[in-house]
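Comments concern the structure below.
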Protein chains: 2
Amino acid sequence: GMNPDLASERQTASFSVEKLTARLDGGAEHTRIRRAVVEAIECDPVFSRENQYFQSQNERYEAAVRKAVHLQKKMHEMGWTEDGPEFKYIYRALSGDIAFLLHRIFMRSISVLGSKQQIAKWIPLATQYQLIGSYAQTELGHGTYLQGLETTAVFDITTQEFILNTPKISAMKWWPGDMGRSATHTVVFAQLYVHGKCYGVHPFIVQIRSLQDHSLCPGVTAGDIGPKMNFEHVDNGYLMLQNVRVPRENMLNKFCEVQPDGTYARWGSQKINYFTMTTVRISLISDEAVIPLMKACTIAIRYSVVRRQSKLKPGEQEAKILDYQTQQEKLLPQLAAAYAFHFINNYLQELFDKVYREIQRKKFDTLPELHAFSSGFKAMVTQYCTSAVAICLQACGGHGYSLLSGLPSLYTKIVASCIYEGENTILLLQTARFLIKCFMAASTGQPVPPSVTYLAAVKPGKCPAKNKLDFLSPDVYTEAYQHMAARLISSTAAKLQDLIQSGVKKTDAWNQCTVQLVQAAKAHCHYITVKNFAETVEKLETKAGIQKIMKHLCDLFALHGIFSNGGVFLHDGYISGAQMDMVTASYLDLLAVIRKDAVPLVDAFDFTDKSLNSALGSYDGQVYQRLYEWAQKSPTNKQMSPAYERYLKPLLHNTLSKL
Amino acid sequence: GMNPDLASERQTASFSVEKLTARLDGGAEHTRIRRAVVEAIECDPVFSRENQYFQSQNERYEAAVRKAVHLQKKMHEMGWTEDGPEFKYIYRALSGDIAFLLHRIFMRSISVLGSKQQIAKWIPLATQYQLIGSYAQTELGHGTYLQGLETTAVFDITTQEFILNTPKISAMKWWPGDMGRSATHTVVFAQLYVHGKCYGVHPFIVQIRSLQDHSLCPGVTAGDIGPKMNFEHVDNGYLMLQNVRVPRENMLNKFCEVQPDGTYARWGSQKINYFTMTTVRISLISDEAVIPLMKACTIAIRYSVVRRQSKLKPGEQEAKILDYQTQQEKLLPQLAAAYAFHFINNYLQELFDKVYREIQRKKFDTLPELHAFSSGFKAMVTQYCTSAVAICLQACGGHGYSLLSGLPSLYTKIVASCIYEGENTILLLQTARFLIKCFMAASTGQPVPPSVTYLAAVKPGKCPAKNKLDFLSPDVYTEAYQHMAARLISSTAAKLQDLIQSGVKKTDAWNQCTVQLVQAAKAHCHYITVKNFAETVEKLETKAGIQKIMKHLCDLFALHGIFSNGGVFLHDGYISGAQMDMVTASYLDLLAVIRKDAVPLVDAFDFTDKSLNSALGSYDGQVYQRLYEWAQKSPTNKQMSPAYERYLKPLLHNTLSKL
């Protein structure tokens with residue numbers, strides 16, 4: 001049955017949930033396809049995640065391999081292809097709980113960096129899983145700073161081979177997925193040496209396990225790096241190489257080559273590598289940050305109208321916890337952020353498509369902007385979503401802390417997104433470098449990309465708002481964000497110049513400004529997110545109540561940001577203390593407004609119960625029943641613990657006589 | 001061997017680490033005792049935590065029971081008693097990794113709420129572990145709001161028994177530790193009914209498992225609630241009662257009783273219950289929040305001087321990551337907070353002792369202040385430390401995400417402290433209620449406790465600082481915090497009154513102010529923490545460099561708070577934008593100063609390697625070596641996964657011919 005408290009929330013929706021879902025999917029046709037994929041996956045028992053919270057790392061790994069192998073069969077059965085419309089929904093339907101994602105990166109790196117011959121040799125084998133690939137870049141001692149990698153590949157002209165070595169323990173490959181137990185091959189990034197000269201980091205295809213019996217190849221030491229905060233299903237691995245030889249043809253050589261006589265040749269553009277990284281960063285924003293946040297919001301908000309606790313008024317029934325202002329203030333800004341980031345992801349996808357079209361016409365001008373944006377938004381969105389998921393978890397009290405709520409695993413997984421594919425602080429500093437450059441250019445009248453022309457127009461000013469309703473005008477708050485971002489960027493640029501002019505070395509001056517540069521880069525991304533949200537709302541259909549509720553969410557996202565980062569808006573008096581009180585008043589008013597539609601707003605994300613995998617978040621709201629049923633399936637309830645016989649029985653056995 | 005980068009950090013300490021350790025312990029004598037306890041525990045293999053990160057929930061539980069039972073023997077052997085000086089260090093030495101903590105609460109509740117006869121009957125059995133107790137308060141449907149508990153206890157005058165029932169699923173006891181698999185008895189909190197009249201929640205001793213064979217007693221359904229984010233070693237349980245009868249004597253009856261004829265009698269003060277809760281909240285601040293933060297800082301800071309990544313200056317060696325300003329800005333404020341909270345914990349202990357002495361003289365005047373403070377600081381410190389541990393984890397990049405770093409388990413455990421023993425938001429609202437009351441009293445000239453007299457003196461003003469050095473004056477920043485806290489409390493009180501005067505019902509008005517009330521309560525606690533830190537520094541010995549470095553940390557804690565919460569200081573112009581720039585400058589300067597002593601400052605916390613249980617944080621800094629050694633012990637490396645035979649071999653077996 002349906003929990004009546006949850007049911008009643010759905011009867012008063014101010015908009016059509018189905019139409020909002022279609023809007024989020026980019027059209028009803030996409031919704032139809034997505035649902036079909038999800039259904040096909042969820043009705044197949046091989047893909048079940050039912051007992052996931054009870055499984056060991058070994059069990060999770062085995063299940064993930066089983067799923068990966070089965071998926072190929074499934075795709076064939078269903079007629080899904082890699083370039084078909086269904087493909088992008090498979091990962092979501094599986095909740096990422098599948099092996100061989102690094103195998104895909106292995107294939108992508110060969111496709112992008114390999115010659116035609118290399119592609120012809122390796123890709124068909126990999127496609128059929130006749131080998132399992134991995135991607136061995138990160139080392140124990142080096143992550144984001146690739147130039148520092150220590151693995152070596154020395155060209156031996158006599159045998160026409162590269163000799164790969166791990167010269168010290170910090171050079172051991174560490175973290176690559178699918179490498180700990182699965183991979184037979186991997187792309188190893190190593191410093192190339194020819195005739196004693198170092199040519200920098202290059203990729204080499206190396207076989208690491210026997211195709212006969214899966215034993216390690218001679219000279220190879222490899223294994224699993226052990227338990228992590230999440231990703232139990234992935235066999236992140238380590239790899240040590242001792243005089244491992246690969247033929248000259250195994251260096252990926254689309255852009256450079258060591259010729260038989262040892263001559264090093266390089267051609268083509270390096271920039272395309274850049275672009276691959278950018279692709280990954282953009283794609284993870286939705287899959288690894290926004291969707292998990294949407295799930296966390298769905299769970300926490302549904303639970304918050306089922307859970308009743310304490311009384312708002314004496315003599316009344318206990319209140320739904322979502323009726324407390326503090327609970328609204330925890331959850332509703334996260335809900336607004338989920339929408340904001342969904343829309344900024346669309347914006348980045350469009351920017352990406354535009355740049356991609358230009359690259360195909362050999363135009364690379366827009367690449368730096370895309371790189372700066374994808375870095376900054378990857379960092380900003382993953383960080384925000386990580387904090388937001390933590391808030392959702394804590395807002396569910398004790399039950400949120402049970403793995404059965406689904407929230408702990410969402411948190412422990414999303415937190416990794418702040419680190420992988422570029423550590424967030426380093427990414428924000430790359431964005432900052434781009435912004436400072438643009439600011440300098442704009443100040444001297446040089447052309448800059450349209451998204452940063454606002455930097456040219458930094459001037460003192462005052463927010464024109466006269467009452468709290470003025471702060472519900474997108475122009476008013478977008479302008480405030482713009483002013484704030486421009487001020488942070490320009491003042492940091494000024495500090496940087498001052499330091500350099502006072503004789504501090506450029507590199508030291510940069511380091512002394514990095515805390516503020518990070519802040520400025522975040523401010524820029526925050527501004528663009530607000531601006532894009534407001535523009536998206538503007539273009540939405542006015543029917544079906546969707547524009548109205550999205551406008552409320554946009555207002556909430558913007559005002560929550562001003563309320564929570566008051567300092568940067570008040571600093572130069574652009575917003576006054578009295579205006580900040582208006583912001584606060586409008587912000588708190590909005591909470592009560594959006595509260596009414598909170599459940600329909602998460603329903604519109606359209607997650608199935610199986611995909612949420614949460615005892616607290618199911619569509620029917622049968623929270624307590626489900627917690628109880630699920631707990632009974634725990635291995636901790638399967639038999640009496642040996643601890644009783646061993647430790648307790650000897651103590652308890654002669655108590656009876658005394659009671 | 002010692003990592004040379006870490007070794008060099010220790011050669012330049014500006015103060016005596018040993019003397020600081022003694023200061024933190026409250027005297028060198030305490031340090032000696034603590035070390036002796038830690039050594040005795042750590043050299044005993046029964047207490048080893050060596051393989052903890054590889055263990056299942058079942059294995060962790062068994063180990064915890066083994067340790068609890070062994071601890072009794074150990075205490076006897078060592079001559080440690082519950083009222084001896086060693087006792088308080090045992091829990092720290094075990095890192096809390098032990099069973100039967102709820103058994104202790106079971107005993108405490110009988111000691112406090114039970115009659116002399118009840119104490120005489122139950123305590124000796126419990127002391128000898130001849131029964132295992134638990135404390136069944138929380139239900140599936142009710143946590144912090146105790147009045148809402150739904151379990152019933154109906155007095156049956158004919159048999160002189162109470163009949164206990166779980167009338168619906170939400171009334172099931174849920175979460176009590178030691179109950180899922182261990183307990184034979186538990187104190188059940190239930191609504192007492194006599195002759196159809198409800199007398200509210202009362203505690204009853206109920207046997208739930210057989211002393212003969214540990215099977216569940218008739219009418220009892222109980223088990224383990226399954227996996228949680230941490231606390232794998234604790235058997236948090238569920239309990240359902242169907243017509244379970246206990247004799248009249250099993251209601252804890254020091255303060256009230258149902259007499260044989262069904263007459264309900266109550267005597268004595270209820271306030272003492274209040275006081276028990278307060279004790280627990282204060283004791284958890286150190287054990288469950290400050291110590292874990294100190295550990296996280298130790299791990300992250302040691303790692304940050306071993307880890308080298310990228311170059312600060314071209315041509316130089318790669319830099320220690322702690323030399324980057326952004327890394328300093330992540331970690332050093334958390335280090336300062338650990339010290340700040342250590343000192344506020346001392347402050348609360350002193351307040352507690354004072355109140356305790358007064359209570360013994362039957363004076364209860366100071367109880368509300370202690371209750372408000374313990375609630376507010378429990379909430380503020382646990383929340384701050386939780387965020388701080390998350391920052392430490394993320395600051396260690398990928399390796400921080402490995403369980404072997406020790407950081408994930410610190411995080412997943414500390415986050416629970418925000419929820420248990422009173423959910424933080426609810427606690428802060430209790431503090432706020434006290435502050436609003438005091439503010440009202442102070443405004444009308446009535447007497448208020450000394451800690452809140454500052455509320456009487458709210459007036460507009462300006463911070464007198466003229467340059468960045470002025471912000472290194474404790475008077476200047478303490479005054480700023482005081483002004484800010486007083487303003488937030490007074491303006492929220494004003495809003496509350498305005499709403500009520502405009503006709504809004506009191507309860508609604510309160511709810512509409514709760515977001516700001518929470519903010520005000522936090523501001524008050526933040527102010528007291530800064531003030532107490534400054535006063536502590538004032539009293540420190542000037543020799544051995546300790547006062548000087550503590551002064552830096554106090555400045556950093558205070559300025560970090562202003563820098564990060566700029567809005568509340570700028571709001572009424574108490575601090576101007578120009579002054580905020582001075583704060584920022586001094587704050588960033590301090591990072592570089594404290595950076596030099598960062599390692600000695602965490603060394604002073606005096607954690608052994610075994611207690612850190614971290615591959616990243618050991619004293620010798622052999623980070624990579626240890627990660628590699630520990631990973632090899634993982635069960636994921638014990639044998640080839642069955643996934644190979646089942647799923648991979650069939651795919652790979654005919655690849656050879658094609659390569």
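Letters for chains follow the order of the structure tokens (A, B, ...), residue numbers begin at 1 for each chain, and ligand numbers begin at 1 in the order shown.
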Test item: residues at most 7 Å from A:Ser375, only C-alpha atoms, excluding those fewer than 4 positions along its chain, as a PyMOL selection string: chain A and resi 371+379+427-428+431
Written selection (N, CA and C atoms) as a short mmCIF file (atom, residue, chain, number, x, y, z; two decimals), in the first residue's frame:
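As a result, out18.cif now contains:
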```
data_model
loop_
_atom_site.label_atom_id
_atom_site.label_comp_id
_atom_site.auth_asym_id
_atom_site.auth_seq_id
_atom_site.Cartn_x
_atom_site.Cartn_y
_atom_site.Cartn_z
N HIS A 371 38.08 23.89 -22.04
CA HIS A 371 38.92 23.24 -21.03
C HIS A 371 38.75 23.92 -19.67
N ALA A 379 34.88 20.62 -10.98
CA ALA A 379 35.27 20.84 -9.57
C ALA A 379 34.10 21.40 -8.77
N LEU A 427 42.12 21.74 -10.59
CA LEU A 427 41.24 22.11 -11.71
C LEU A 427 40.77 23.56 -11.58
N LEU A 428 40.41 23.95 -10.38
CA LEU A 428 39.92 25.33 -10.19
C LEU A 428 41.04 26.33 -10.47
N THR A 431 41.13 26.85 -14.13
CA THR A 431 40.07 27.79 -14.50
C THR A 431 40.49 29.22 -14.15
#
```
Neighbour list for stretch 44-58 of chain A as a PyMOL selection string, cut-off 10 Å, only C-alpha atoms, skip fewer than 5 positions in-chain: (chain A and resi 39+63-64+66-68+70-71+74+93-95+97-98+226-228+230-235+402-406+409+610-611+613+630-631+633-636) or (chain B and resi 54-57+226-228+634-637+641-643)
Which of B:Arg487, B:Arg92, B:His142, B:His195 sits closest to B:Met172 [using only C-alpha atoms]: B:His142
Nearest to chain A, chosen from B:Gly398, B:Pro247, B:Gly262, B:Gly219, with only C-alpha atoms counted in the distances: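 Comparing B:Gly398, B:Pro247, B:Gly262, B:Gly219 against chain A, the winner is B:Gly398.
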All residues 8 Å or closer to A:Asn424, only C-alpha atoms, same chain fewer than 6 positions away omitted, as a list in words: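 Here the qualifying residues turn out to be Lys378, Ala379, Met380, Gln383 and Cys418 of chain A.
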Write the residues of the selection above to a file with C-alpha atoms, as a PDB file, in the first residue's frame.
```
ATOM      1  CA  LYS A 378      33.715  19.501 -12.786  1.00  0.00           C
ATOM      2  CA  ALA A 379      35.270  20.837  -9.574  1.00  0.00           C
ATOM      3  CA  MET A 380      32.418  23.096  -8.539  1.00  0.00           C
ATOM      4  CA  GLN A 383      32.203  19.533  -4.590  1.00  0.00           C
ATOM      5  CA  CYS A 418      36.242  15.381  -6.092  1.00  0.00           C
TER       6      CYS A 418
END
```
Per-residue nearest contacts stretch 451-556 of chain A to stretch 321-333 of chain A, cut-off 12 Å, using only C-alpha atoms, as a Markdown table:
```
| residue | atom | partner | partner_atom | distance |
| --- | --- | --- | --- | --- |
| A:His552 | CA | A:Leu332 | CA | 11.0 |
| A:Leu553 | CA | A:Pro333 | CA | 8.2 |
| A:Cys554 | CA | A:Pro333 | CA | 9.8 |
| A:Asp555 | CA | A:Pro333 | CA | 10.1 |
| A:Leu556 | CA | A:Pro333 | CA | 6.6 |
```
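Here atom CA of B:Ile549 and atom CA of B:Thr478 stand 18.3 Å from one another.
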Selected residue, from A:Lys173, A:Lys354, A:Lys254, A:His483, that lies nearest to chain B when counting only C-alpha atoms: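 Closest residue, counting only C-alpha atoms: A:Lys173.
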Strand (DSSP E or B) per DSSP on the backbone: members of stretch 138-276 of chain A, as a PyMOL selection string: chain A and resi 139+152-156+161-165+173-174+185-194+197-207+209+216+220-224+228+237-241+244-247+251+256-258+264-266
Backbone DSSP call of helix (DSSP H, G or I) for stretch 170-407 of chain A, listed as JSON, numbers by chain: {"A": [170, 171, 248, 249, 250, 271, 272, 273, 274, 275, 276, 277, 278, 279, 280, 281, 282, 283, 284, 285, 286, 287, 288, 289, 290, 291, 292, 293, 294, 295, 296, 297, 298, 299, 300, 301, 302, 303, 304, 305, 306, 321, 322, 323, 325, 326, 327, 328, 329, 330, 331, 332, 333, 334, 335, 336, 337, 338, 339, 340, 341, 342, 343, 344, 345, 346, 347, 348, 349, 350, 351, 352, 353, 354, 355, 356, 357, 358, 359, 360, 367, 368, 369, 370, 371, 372, 373, 374, 375, 376, 377, 378, 379, 380, 381, 382, 383, 384, 385, 386, 387, 388, 389, 390, 391, 392, 393, 394, 395, 397, 398, 399, 400, 401, 403, 404, 405, 407]}
